[in-house]
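Raw query_31.txt, compact mmCIF, C-alpha atoms and all ligand atoms:
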```txt
# COMPACT_ATOMS: atom_id res chain seq x y z
CA MET A 13 0.00 0.00 0.00
CA ASN A 14 1.20 3.46 -0.90
CA LYS A 15 1.01 5.18 2.53
CA LYS A 16 1.46 8.67 1.15
CA SER A 17 -1.75 8.24 -0.77
CA TYR A 18 -3.83 8.33 2.44
CA TYR A 19 -5.29 11.12 4.54
CA GLY A 20 -5.91 9.20 7.74
CA ASN A 21 -8.25 6.43 6.62
CA PHE A 22 -9.19 8.13 3.37
CA GLY A 23 -7.82 8.35 -0.15
CA GLY A 24 -5.81 5.55 -1.71
CA GLN A 25 -5.83 4.21 -5.25
CA PHE A 26 -8.82 1.97 -5.88
CA VAL A 27 -8.29 1.49 -9.60
CA PRO A 28 -7.87 -1.35 -12.10
CA GLU A 29 -4.40 -2.76 -12.62
CA THR A 30 -4.15 -1.06 -16.04
CA ILE A 31 -4.32 2.37 -14.46
CA MET A 32 -1.85 1.71 -11.63
CA ASN A 33 1.13 2.20 -13.96
CA ALA A 34 -0.28 5.47 -15.24
CA LEU A 35 -0.77 6.72 -11.66
CA ILE A 36 2.78 5.78 -10.72
CA ASP A 37 4.15 7.58 -13.81
CA LEU A 38 1.99 10.58 -13.03
CA GLU A 39 3.17 10.72 -9.43
CA ASN A 40 6.83 10.48 -10.43
CA GLU A 41 6.49 13.10 -13.13
CA TYR A 42 4.50 15.38 -10.86
CA GLU A 43 7.00 15.16 -7.99
CA LYS A 44 9.82 16.08 -10.38
CA THR A 45 7.84 18.86 -11.99
CA ILE A 46 6.55 20.81 -9.00
CA ASP A 47 10.09 21.52 -7.86
CA ASP A 48 11.27 22.44 -11.32
CA LYS A 49 11.95 26.14 -11.65
CA LYS A 50 11.12 26.33 -15.34
CA PHE A 51 7.71 24.73 -14.76
CA ARG A 52 6.95 26.94 -11.78
CA ASP A 53 7.94 30.10 -13.64
CA GLU A 54 5.78 29.17 -16.62
CA PHE A 55 2.81 28.35 -14.39
CA GLN A 56 3.23 31.57 -12.37
CA SER A 57 3.50 33.69 -15.47
CA LEU A 58 0.32 32.16 -16.96
CA LEU A 59 -1.55 32.61 -13.67
CA LYS A 60 -0.59 36.27 -13.73
CA ASP A 61 -1.02 37.28 -17.35
CA PHE A 62 -3.49 34.72 -18.70
CA VAL A 63 -5.72 34.03 -15.69
CA GLY A 64 -5.43 37.52 -14.20
CA ARG A 65 -4.09 36.68 -10.74
CA GLU A 66 -3.74 37.68 -8.06
CA THR A 67 -7.48 37.94 -7.53
CA PRO A 68 -8.60 40.75 -5.21
CA LEU A 69 -9.67 40.29 -1.60
CA TYR A 70 -12.60 42.67 -1.35
CA HIS A 71 -13.80 44.14 1.95
CA ALA A 72 -17.58 43.98 1.45
CA LYS A 73 -18.68 46.98 3.48
CA ASN A 74 -22.41 46.76 2.89
CA LEU A 75 -22.56 43.07 3.71
CA SER A 76 -20.31 43.70 6.73
CA GLU A 77 -22.70 46.33 8.01
CA PHE A 78 -25.66 44.04 7.37
CA TYR A 79 -24.18 41.15 9.38
CA GLY A 80 -22.15 43.11 11.97
CA HIS A 81 -18.84 41.42 11.13
CA ASN A 82 -15.94 42.26 8.80
CA ILE A 83 -16.70 40.28 5.69
CA PHE A 84 -14.13 39.83 2.94
CA LEU A 85 -14.73 38.23 -0.43
CA LYS A 86 -11.95 36.32 -2.20
CA ARG A 87 -12.75 37.12 -5.79
CA GLU A 88 -12.11 33.88 -7.68
CA ASP A 89 -15.08 34.92 -9.82
CA LEU A 90 -12.75 37.40 -11.53
CA ASN A 91 -10.48 34.69 -12.94
CA HIS A 92 -10.39 34.16 -16.70
CA THR A 93 -13.23 31.75 -17.60
CA GLY A 94 -15.16 32.75 -14.47
CA ALA A 95 -14.13 30.43 -11.65
CA HIS A 96 -11.24 28.92 -9.69
CA LYS A 97 -11.19 25.85 -11.97
CA ILE A 98 -8.71 27.42 -14.41
CA ASN A 99 -5.90 27.41 -11.78
CA ASN A 100 -5.95 23.64 -11.69
CA ALA A 101 -6.78 22.99 -15.35
CA LEU A 102 -3.78 25.05 -16.46
CA GLY A 103 -1.46 23.33 -13.99
CA GLN A 104 -2.48 19.87 -15.14
CA ALA A 105 -2.46 20.79 -18.84
CA LEU A 106 1.10 22.13 -18.49
CA LEU A 107 2.07 18.87 -16.81
CA ALA A 108 0.39 16.88 -19.62
CA LYS A 109 2.34 18.83 -22.21
CA ARG A 110 5.56 18.14 -20.36
CA MET A 111 4.75 14.43 -20.30
CA GLY A 112 4.44 14.55 -24.09
CA LYS A 113 0.68 13.92 -24.21
CA LYS A 114 -1.16 15.26 -27.24
CA LYS A 115 -4.65 14.88 -25.87
CA VAL A 116 -6.38 15.70 -22.60
CA ILE A 117 -9.75 14.56 -21.35
CA ALA A 118 -11.91 15.97 -18.57
CA GLU A 119 -15.24 15.42 -16.85
CA THR A 120 -17.51 18.33 -16.09
CA GLY A 121 -20.68 19.11 -14.13
CA ALA A 122 -21.62 22.77 -14.47
CA GLY A 123 -19.30 22.97 -17.44
CA GLN A 124 -16.83 25.24 -15.63
CA HIS A 125 -14.10 22.62 -15.46
CA GLY A 126 -14.82 21.59 -19.06
CA VAL A 127 -14.44 25.19 -20.19
CA ALA A 128 -11.25 25.57 -18.14
CA ALA A 129 -9.76 22.36 -19.58
CA ALA A 130 -10.80 23.32 -23.14
CA THR A 131 -9.24 26.76 -22.61
CA ALA A 132 -5.96 25.31 -21.37
CA ALA A 133 -5.93 22.80 -24.25
CA ALA A 134 -6.50 25.57 -26.81
CA LEU A 135 -3.71 27.63 -25.28
CA LEU A 136 -1.25 24.74 -25.27
CA GLY A 137 -2.28 23.26 -28.62
CA MET A 138 -3.73 19.97 -27.38
CA GLU A 139 -6.78 17.97 -28.33
CA CYS A 140 -9.54 17.91 -25.69
CA ASP A 141 -12.53 15.62 -25.03
CA VAL A 142 -14.97 16.64 -22.29
CA TYR A 143 -17.39 14.11 -20.76
CA MET A 144 -20.62 15.68 -19.55
CA GLY A 145 -23.93 14.25 -18.36
CA ALA A 146 -26.85 14.76 -20.75
CA VAL A 147 -28.87 16.51 -18.02
CA ASP A 148 -26.02 18.95 -17.36
CA ILE A 149 -25.64 19.55 -21.11
CA GLU A 150 -29.26 20.65 -21.06
CA ARG A 151 -28.81 22.86 -17.93
CA GLN A 152 -25.59 24.44 -19.17
CA ARG A 153 -26.05 24.97 -22.92
CA LEU A 154 -23.92 28.08 -22.99
CA ASN A 155 -20.90 26.38 -21.44
CA VAL A 156 -21.27 23.49 -23.92
CA PHE A 157 -21.11 25.99 -26.76
CA ARG A 158 -18.09 27.71 -25.22
CA MET A 159 -16.23 24.37 -25.05
CA GLU A 160 -17.08 23.64 -28.67
CA LEU A 161 -15.94 27.10 -29.75
CA LEU A 162 -12.66 26.45 -27.96
CA GLY A 163 -12.20 23.39 -30.14
CA ALA A 164 -13.11 20.67 -27.62
CA ARG A 165 -15.39 17.72 -28.28
CA VAL A 166 -18.22 17.45 -25.74
CA ILE A 167 -19.30 13.85 -25.23
CA SER A 168 -22.81 13.37 -23.84
CA VAL A 169 -23.05 10.74 -21.08
CA GLU A 170 -26.43 9.02 -21.03
CA GLU A 171 -26.02 6.63 -18.08
CA GLY A 172 -27.80 6.86 -14.71
CA LEU A 173 -28.80 10.35 -13.59
CA LYS A 174 -26.74 11.80 -16.46
CA THR A 175 -24.86 14.24 -14.23
CA LEU A 176 -21.36 14.63 -12.77
CA LYS A 177 -20.94 11.18 -11.21
CA GLU A 178 -21.68 9.41 -14.49
CA ALA A 179 -19.54 11.87 -16.45
CA THR A 180 -16.60 11.12 -14.13
CA THR A 181 -17.08 7.37 -14.50
CA ALA A 182 -17.16 7.76 -18.30
CA ALA A 183 -13.99 9.88 -18.28
CA ILE A 184 -12.16 7.30 -16.14
CA GLN A 185 -13.26 4.59 -18.59
CA ALA A 186 -12.02 6.63 -21.55
CA TRP A 187 -8.72 7.10 -19.75
CA VAL A 188 -8.36 3.34 -19.17
CA ASN A 189 -8.90 2.78 -22.90
CA GLU A 190 -6.21 5.23 -24.02
CA VAL A 191 -4.00 5.48 -20.99
CA GLU A 192 -0.74 5.72 -22.97
CA ASP A 193 -1.74 8.72 -25.05
CA VAL A 194 -4.15 10.65 -22.92
CA PHE A 195 -3.83 12.82 -19.82
CA TYR A 196 -6.89 12.92 -17.59
CA ILE A 197 -7.40 16.40 -16.09
CA ILE A 198 -9.57 15.86 -12.99
CA GLY A 199 -11.52 18.94 -11.94
CA SER A 200 -11.51 18.64 -8.16
CA VAL A 201 -9.54 17.21 -5.22
CA VAL A 202 -11.03 13.77 -5.90
CA GLY A 203 -10.05 10.50 -7.57
CA PRO A 204 -7.09 8.23 -6.86
CA TYR A 205 -3.81 9.60 -5.49
CA PRO A 206 -1.94 11.71 -6.61
CA TYR A 207 -4.92 13.70 -7.97
CA PRO A 208 -6.22 15.00 -4.61
CA LYS A 209 -2.74 16.26 -3.73
CA MET A 210 -1.97 17.68 -7.15
CA VAL A 211 -5.26 19.57 -7.44
CA LYS A 212 -4.82 20.94 -3.91
CA ASP A 213 -1.31 22.14 -4.80
CA PHE A 214 -2.54 23.91 -7.94
CA GLN A 215 -5.42 25.54 -6.02
CA SER A 216 -3.34 26.49 -2.98
CA VAL A 217 -2.56 29.82 -4.67
CA ILE A 218 -6.02 30.95 -3.42
CA GLY A 219 -5.08 30.40 0.22
CA ASP A 220 -1.55 31.77 -0.16
CA GLU A 221 -2.83 35.02 -1.63
CA THR A 222 -5.63 35.32 0.95
CA LYS A 223 -3.20 34.89 3.82
CA LYS A 224 -1.01 37.75 2.52
CA GLN A 225 -3.97 39.95 1.69
CA MET A 226 -5.46 39.51 5.19
CA GLU A 227 -2.26 40.52 6.97
CA LYS A 228 -3.22 44.19 7.20
CA TYR A 229 -6.58 43.36 8.79
CA GLY A 230 -5.32 41.17 11.65
CA ASN A 231 -6.33 37.60 12.33
CA THR A 232 -8.41 35.66 9.82
CA ASP A 233 -11.04 34.32 12.21
CA CYS A 234 -13.28 32.38 9.84
CA ILE A 235 -13.16 31.12 6.27
CA ILE A 236 -16.23 29.86 4.44
CA ALA A 237 -16.13 27.97 1.14
CA CYS A 238 -18.59 25.76 -0.72
CA VAL A 239 -17.77 22.08 -1.17
CA GLY A 240 -18.67 20.02 -4.21
CA GLY A 241 -15.61 17.81 -4.71
CA GLY A 242 -13.86 20.35 -2.51
CA SER A 243 -11.15 22.05 -4.59
CA ASN A 244 -11.94 25.72 -4.03
CA ALA A 245 -12.34 24.97 -0.31
CA MET A 246 -9.08 22.98 -0.14
CA GLY A 247 -7.35 25.77 -2.05
CA ILE A 248 -8.33 28.52 0.36
CA PHE A 249 -8.08 26.32 3.50
CA SER A 250 -4.58 25.07 2.62
CA ALA A 251 -2.67 28.08 3.97
CA PHE A 252 -4.66 28.09 7.24
CA LEU A 253 -4.91 24.39 8.18
CA ASP A 254 -2.09 24.69 10.73
CA ASN A 255 -3.48 27.85 12.27
CA GLU A 256 -5.98 26.91 14.96
CA ASP A 257 -7.04 30.56 15.26
CA THR A 258 -8.80 30.30 11.94
CA ALA A 259 -12.11 28.42 11.98
CA LEU A 260 -12.85 26.73 8.66
CA TYR A 261 -16.33 26.03 7.27
CA GLY A 262 -17.13 23.82 4.28
CA ILE A 263 -20.65 24.25 2.93
CA GLU A 264 -22.37 21.45 1.07
CA ALA A 265 -25.48 21.42 -1.10
CA GLY A 266 -28.52 20.76 1.06
CA GLY A 267 -30.76 20.66 -2.04
CA LYS A 268 -34.40 20.48 -1.00
CA GLY A 269 -33.35 19.76 2.59
CA ILE A 270 -31.10 17.11 4.18
CA ASP A 271 -34.21 15.52 5.68
CA THR A 272 -35.36 14.77 2.10
CA GLU A 273 -33.66 12.42 -0.38
CA GLU A 274 -32.83 15.29 -2.70
CA HIS A 275 -29.54 16.76 -1.60
CA ALA A 276 -25.79 16.36 -2.15
CA ALA A 277 -24.64 16.83 1.47
CA THR A 278 -22.02 14.08 1.45
CA LEU A 279 -20.25 14.78 4.74
CA SER A 280 -23.40 15.86 6.59
CA MET A 281 -25.32 12.71 5.62
CA GLY A 282 -22.94 10.14 4.06
CA SER A 283 -20.72 7.31 5.25
CA PRO A 284 -17.28 5.97 4.21
CA GLY A 285 -17.24 4.06 0.93
CA ILE A 286 -15.42 3.86 -2.38
CA LEU A 287 -16.08 6.00 -5.43
CA HIS A 288 -13.97 7.04 -8.42
CA GLY A 289 -10.80 5.39 -7.19
CA MET A 290 -10.80 6.82 -3.66
CA LYS A 291 -12.00 5.86 -0.20
CA THR A 292 -14.03 8.75 1.14
CA TYR A 293 -17.44 9.74 2.46
CA VAL A 294 -20.15 9.01 -0.10
CA LEU A 295 -23.93 9.09 -0.21
CA GLN A 296 -24.88 5.43 -0.48
CA ASP A 297 -27.54 2.90 0.44
CA LYS A 298 -26.97 -0.05 2.77
CA TYR A 299 -25.60 -2.14 -0.13
CA GLY A 300 -23.00 0.50 -1.02
CA ARG A 301 -24.88 1.65 -4.09
CA ILE A 302 -24.39 5.37 -4.68
CA ASN A 303 -27.54 7.41 -4.06
CA PRO A 304 -29.00 9.81 -6.58
CA VAL A 305 -28.14 13.38 -5.57
CA HIS A 306 -29.72 16.77 -6.16
CA SER A 307 -28.53 20.34 -6.04
CA ILE A 308 -29.73 23.41 -7.83
CA SER A 309 -26.11 23.99 -8.79
CA ALA A 310 -24.56 21.48 -11.17
CA GLY A 311 -21.12 22.10 -9.66
CA LEU A 312 -22.13 20.77 -6.23
CA ASP A 313 -24.23 17.87 -7.52
CA TYR A 314 -21.78 15.08 -6.58
CA PRO A 315 -22.30 12.13 -4.18
CA GLY A 316 -18.67 12.06 -2.98
CA VAL A 317 -16.05 14.49 -1.67
CA GLY A 318 -12.26 14.73 -1.76
CA PRO A 319 -10.59 12.34 0.71
CA GLU A 320 -8.76 15.08 2.59
CA HIS A 321 -12.12 16.65 3.41
CA SER A 322 -13.25 13.30 4.86
CA TYR A 323 -10.16 13.38 7.04
CA LEU A 324 -10.72 17.01 8.08
CA PHE A 325 -14.33 16.12 8.88
CA ASP A 326 -13.41 13.14 11.06
CA THR A 327 -10.69 15.10 12.88
CA LYS A 328 -13.10 18.07 13.22
CA ARG A 329 -10.54 20.56 11.91
CA VAL A 330 -13.17 21.81 9.49
CA THR A 331 -16.87 22.26 10.28
CA TYR A 332 -19.14 21.06 7.49
CA ALA A 333 -22.72 22.20 7.11
CA ALA A 334 -25.38 22.22 4.41
CA VAL A 335 -27.56 25.00 3.00
CA THR A 336 -30.60 24.42 0.81
CA ASP A 337 -31.31 25.50 -2.76
CA ASP A 338 -33.69 28.17 -1.43
CA GLU A 339 -31.13 29.54 1.02
CA ALA A 340 -28.51 29.69 -1.75
CA ILE A 341 -30.80 31.67 -4.05
CA GLU A 342 -31.67 34.05 -1.21
CA ALA A 343 -27.94 34.61 -0.62
CA LEU A 344 -27.29 35.12 -4.32
CA LEU A 345 -29.86 37.92 -4.33
CA LEU A 346 -28.45 39.41 -1.13
CA LEU A 347 -24.88 39.57 -2.44
CA THR A 348 -26.04 40.87 -5.81
CA GLN A 349 -28.13 43.66 -4.34
CA LYS A 350 -25.85 44.63 -1.43
CA GLU A 351 -22.53 44.51 -3.24
CA GLY A 352 -23.21 44.45 -6.98
CA ILE A 353 -21.55 41.05 -7.33
CA ILE A 354 -23.54 38.17 -8.88
CA PRO A 355 -21.96 34.94 -7.61
CA ALA A 356 -22.25 31.44 -9.06
CA ILE A 357 -25.00 29.47 -7.29
CA GLU A 358 -22.23 27.21 -5.91
CA SER A 359 -20.53 30.20 -4.27
CA ALA A 360 -23.91 31.48 -3.05
CA HIS A 361 -24.00 28.40 -0.78
CA ALA A 362 -20.95 29.77 1.05
CA VAL A 363 -22.50 33.24 1.24
CA ALA A 364 -25.72 31.71 2.65
CA TYR A 365 -23.84 30.30 5.62
CA LEU A 366 -23.16 33.86 6.86
CA LYS A 367 -26.79 34.02 7.91
CA LYS A 368 -26.28 31.02 10.23
CA LEU A 369 -22.77 31.81 11.43
CA CYS A 370 -22.84 35.58 12.04
CA PRO A 371 -25.56 35.64 14.75
CA VAL A 372 -23.75 33.03 16.90
CA LEU A 373 -20.31 34.68 16.89
CA LYS A 374 -19.79 36.50 20.18
CA GLU A 375 -17.34 39.21 19.10
CA LYS A 376 -16.82 41.05 15.85
CA LYS A 377 -14.86 38.73 13.55
CA ASN A 378 -12.92 38.82 10.29
CA ILE A 379 -14.70 36.43 7.95
CA VAL A 380 -13.48 35.49 4.46
CA VAL A 381 -15.95 33.99 1.99
CA ASN A 382 -14.50 32.35 -1.09
CA ILE A 383 -16.48 33.47 -4.12
CA SER A 384 -15.47 30.49 -6.24
CA GLY A 385 -17.11 31.71 -9.44
CA ARG A 386 -19.34 34.23 -11.14
CA GLY A 387 -23.04 33.87 -11.81
CA ASP A 388 -23.17 34.36 -15.59
CA LYS A 389 -23.57 30.64 -16.28
CA ASP A 390 -26.52 30.46 -13.86
CA MET A 391 -28.59 33.34 -15.15
CA HIS A 392 -31.13 31.12 -16.92
CA THR A 393 -31.61 29.05 -13.74
CA VAL A 394 -32.12 32.13 -11.60
CA PHE A 395 -34.38 33.61 -14.26
CA SER A 396 -36.65 30.57 -14.34
CA ILE A 397 -36.85 30.50 -10.54
CA LEU A 398 -37.71 34.17 -10.14
CA LYS A 399 -39.99 34.43 -13.13
CA GLY A 400 -41.61 31.09 -12.45
CA GLY A 401 -42.16 32.04 -8.82
CA GLU A 402 -40.81 28.63 -7.80
CA ILE A 403 -37.43 27.98 -6.23
CA HIS A 404 -37.05 24.35 -7.30
CA GLU A 405 -36.16 23.32 -10.83
C1 LIG B 1 -16.99 23.45 -9.88
C2 LIG B 1 -17.35 24.56 -9.02
C3 LIG B 1 -17.49 24.39 -7.62
C4 LIG B 1 -17.38 23.07 -6.94
O1 LIG B 1 -16.15 22.41 -7.06
P1 LIG B 1 -15.10 22.33 -5.87
O2 LIG B 1 -14.13 21.33 -6.36
O3 LIG B 1 -15.86 21.86 -4.66
O4 LIG B 1 -14.53 23.67 -5.69
C5 LIG B 1 -17.75 25.50 -6.85
N1 LIG B 1 -17.91 26.73 -7.41
C6 LIG B 1 -17.82 26.92 -8.73
C7 LIG B 1 -18.03 28.29 -9.27
C8 LIG B 1 -17.54 25.85 -9.58
O5 LIG B 1 -17.44 26.06 -10.90
```

Could I get this structure in the form of C-alpha cells?
Ligand SMILES: *Cc1c(COP(=O)(O)O)cnc(C)c1O
Amino acid sequence: MNKKSYYGNFGGQFVPETIMNALIDLENEYEKTIDDKKFRDEFQSLLKDFVGRETPLYHAKNLSEFYGHNIFLKREDLNHTGAHKINNALGQALLAKRMGKKKVIAETGAGQHGVAAATAAALLGMECDVYMGAVDIERQRLNVFRMELLGARVISVEEGLKTLKEATTAAIQAWVNEVEDVFYIIGSVVGPYPYPKMVKDFQSVIGDETKKQMEKYGNTDCIIACVGGGSNAMGIFSAFLDNEDTALYGIEAGGKGIDTEEHAATLSMGSPGILHGMKTYVLQDKYGRINPVHSISAGLDYPGVGPEHSYLFDTKRVTYAAVTDDEAIEALLLLTQKEGIIPAIESAHAVAYLKKLCPVLKEKKNIVVNISGRGDKDMHTVFSILKGGEIHE
C-alpha cells in the first residue's frame, strides 16, 4: 500500500491494474515537476497574465454592516473563464504537455471545469474531449457551446442520472482505454492519489494570496467555502490548516433539505465508501450503491467528496454544514443587491452560511468567503426561478 496516498483512513488508489502504472508515472512526473523552476515560472506567469491573478480580496462593506462582522470576499469569480477551476486545469495541462501527451480529457458538471480544460488545451495546442452528463448539457447549454468554440469535443453521457458522477465514471473509462496517449485532467480534489494532492497544490494559490492579503486586517477568524468535490475549499483552507485561530467552514449542497432524499450533502449525511478510485465519504444505500443526488447547482451535484475533506471532517478541523437551494438563491440575491456582485450558485452556498454563522459569533470577527465563481452561467436558472415564482427546478 502506498502510505502517502492516504489522509488518515481516506484516499488511496482503488483502480484497475491497467491504471496503476499510469498513476505511478503521473506521481513520479509530478514530484519532479513541481520543484522544477522552469515549470513553476511558466505556471506563475500564466496565472498572472493569462488568468489575471492575483485575484482581489474585497472588503464587502455593505454586507459587513448588514451582518455586523468584517466580511471579505476572495474574488475567484474574476479569474479568466469565471471560476477557480482554471488554476488547476492550467497546472495539469502544463504537466500533460511536459509528459508529451497530445490529448487531454476531462469530466464536467456545471461545465466550468470543461471550459477551463478546453481553454488550457487551446492555449497549449492539445486535443480535448470533455465528458458531460446529458442533463447537465441541457442545464448548461452556454458552457457546452463555449467548449465547442474552444475546439473541444463534448461527449454526452447518457447513463444513470446523467450528471457529474456518471460523467466522471465515463472519463475514467475513456482514460483506461487510451492510458498511454491521454492525460486525464480531474476537476476537483477527488479521484485516486496523486490527484487530490496535485489539485490541492494547484489551487493552494487561493489560500496563499488570501493569507497575505489579510495581513493588514489582523487575524483571519473564519473562512467559508462551498464544497462540491472540494477544490476551491481545499485551495483557500490550505494556507490556514495549521493555524488553529482560523475556523474553517465547508458548505455542502442541502438541495431540497437534508431531511429529504434530494440533496448532495455528502459529509453531513454520508458514510465511508469507495467512489472514483478513492476511499471517502459518499452518499450510499446499505448495499454500497451510490444514491441519486440533487442540487440546484450542477457544480455541487456530486455524491462524494475529496478524501482530505473526509479526514478534516473526522478530525473536526473543518466544520461542514449544508444549506438548501432556497437559502442559496436568497444569498445570491443578497450579495447581488448589497454589493453588486452576482456569484455562481455554488458560491452562493458559502454566502448563505453567513446568515447562520454571524448571529452566533460572540465578538466582531474577520470572515473570508471564497467566491469560487461568477453567476453568468446560472442566469437562466435564476431567471426561471424568479420568473416562475418557484425555487425548485
Ligand atoms: C466546480 C465549481 C465548484 C465546486 O467544485 P469544488 O471542487 O468543490 O470547488 C464551486 N464553485 C464553482 C463556481 C464551480 O465552478

Nearby residues, ligand LIG 1 (chain B), 8 Å, all atoms listed in the file, as a VMD selection string: chain A and resid 89 94 to 97 121 to 125 199 to 201 238 to 246 310 to 312 317 355 to 359 383 to 387

- request: Just give me the gap between CA of Val194 in chain A and CA of Ala105 in chain A in Å, one decimal is fine.
  value: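 It comes out at 11.1 Å.
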
field: Residue among A:Val394, A:Leu69, A:Thr45, A:Val294 lying closest to Lys224 in chain A, counting only C-alpha atoms
entry: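 The closest residue to Lys224 in chain A is A:Leu69.
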
Local residues around (-19.5, 38.0, 9.8), at most 9 Å away, using all atoms listed in the file, as an mmCIF file with C-alpha atoms, in the frame of the given file:
```
data_model
loop_
_atom_site.group_PDB
_atom_site.id
_atom_site.type_symbol
_atom_site.label_atom_id
_atom_site.label_comp_id
_atom_site.auth_asym_id
_atom_site.auth_seq_id
_atom_site.Cartn_x
_atom_site.Cartn_y
_atom_site.Cartn_z
ATOM 1 C CA LEU A 75 -22.560 43.070 3.710
ATOM 2 C CA SER A 76 -20.310 43.700 6.730
ATOM 3 C CA PHE A 78 -25.660 44.040 7.370
ATOM 4 C CA TYR A 79 -24.180 41.150 9.380
ATOM 5 C CA GLY A 80 -22.150 43.110 11.970
ATOM 6 C CA HIS A 81 -18.840 41.420 11.130
ATOM 7 C CA ASN A 82 -15.940 42.260 8.800
ATOM 8 C CA ILE A 83 -16.700 40.280 5.690
ATOM 9 C CA PHE A 84 -14.130 39.830 2.940
ATOM 10 C CA CYS A 234 -13.280 32.380 9.840
ATOM 11 C CA LEU A 366 -23.160 33.860 6.860
ATOM 12 C CA LYS A 367 -26.790 34.020 7.910
ATOM 13 C CA LEU A 369 -22.770 31.810 11.430
ATOM 14 C CA CYS A 370 -22.840 35.580 12.040
ATOM 15 C CA PRO A 371 -25.560 35.640 14.750
ATOM 16 C CA LEU A 373 -20.310 34.680 16.890
ATOM 17 C CA LYS A 376 -16.820 41.050 15.850
ATOM 18 C CA LYS A 377 -14.860 38.730 13.550
ATOM 19 C CA ASN A 378 -12.920 38.820 10.290
ATOM 20 C CA ILE A 379 -14.700 36.430 7.950
ATOM 21 C CA VAL A 380 -13.480 35.490 4.460
#
```

message: Please list as a list in words every residue within 6 Å of Thr336 in chain A, counting only C-alpha atoms and excluding residues in the same chain fewer than 4 positions away.
response: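 Final neighbour list, sorted by chain and number: Gly266, Gly267, Lys268 and Gly269 of chain A.
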
- prompt: For Ala237 in chain A, which of A:Lys86, A:Arg52, A:Lys44, A:Lys209 is the closest residue, counting all atoms listed in the file?
  reply: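 When distances to Ala237 in chain A are compared using all atoms listed in the file, the smallest one comes from A:Lys86.
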
Expected axis-aligned box over every listed atom of range 347-362 of chain A, 8 Å added per side, centre plus edges in Å to one decimal, as AutoDock Vina command-line options:
```
--center_x -24.3 --center_y 35.9 --center_z -4.0 --size_x 23.6 --size_y 33.4 --size_z 26.1
```

query: For the atom pair CA of Lys49 in chain A and CA of Asn33 in chain A, what is the interatomic distance in Å to one decimal place?
result: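 Taking CA of Lys49 in chain A and CA of Asn33 in chain A, their separation equals 26.4 Å.
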
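The shortest atom-to-atom distance to Val188 in chain A, with all atoms listed in the file taken into account, belongs to A:Thr30 out of A:Ser17, A:Thr30, A:Gln349, A:Asn155.
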
query: Skipping near chain neighbours, those fewer than 5 positions away, what residues fall within 9 Å of Ile36 in chain A using only C-alpha atoms, listed as number ranges by chain?
result: A: 31, 41, 206

- prompt: Using all atoms listed in the file, which residues sit within 9 Å of Ala108 in chain A once same-chain residues fewer than 4 positions away are excluded, as a VMD selection string?
  reply: chain A and resid 103 to 104 112 to 116 194 to 197

Using all atoms listed in the file: which of A:Lys50, A:His71, A:Lys399, A:Arg87 has the shortest distance to Lys228 in chain A: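 Nearest candidate to Lys228 in chain A out of A:Lys50, A:His71, A:Lys399, A:Arg87: A:His71.
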
query: Using all atoms listed in the file, which residues sit within 12 Å of Gly64 in chain A once same-chain residues fewer than 4 positions away are excluded, as a list in words?
result: Gln56, Ser57, Leu58, Leu59, Lys60, Pro68, Arg87, Glu88, Asp89, Leu90, Asn91, His92, Thr93, Gly94, Ala95, His96, Ile98 and Asn99 of chain A

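Nearest residue to Leu324 in chain A among A:Phe62, A:Phe214, A:Phe249, A:Tyr205 is A:Phe249, counting all atoms listed in the file.
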
field: Atomic distance CA of Leu176 in chain A - CA of Tyr143 in chain A, expressed in Å with one decimal
entry: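 These two atoms are separated by 8.9 Å.
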
- request: Could you give me, as an NGL selection string, the residues within 9 Å of Met159 in chain A, counting all atoms listed in the file and dropping anything in the same chain fewer than 3 positions from it?
  value: :A and (123 or 126-131 or 142 or 154-156 or 162-166)

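Minimum atom-to-atom distances from A:Ala118, A:Ser309, A:Gln185, A:Pro208 to Lys16 in chain A were compared using only C-alpha atoms, and the lowest value belongs to A:Pro208.
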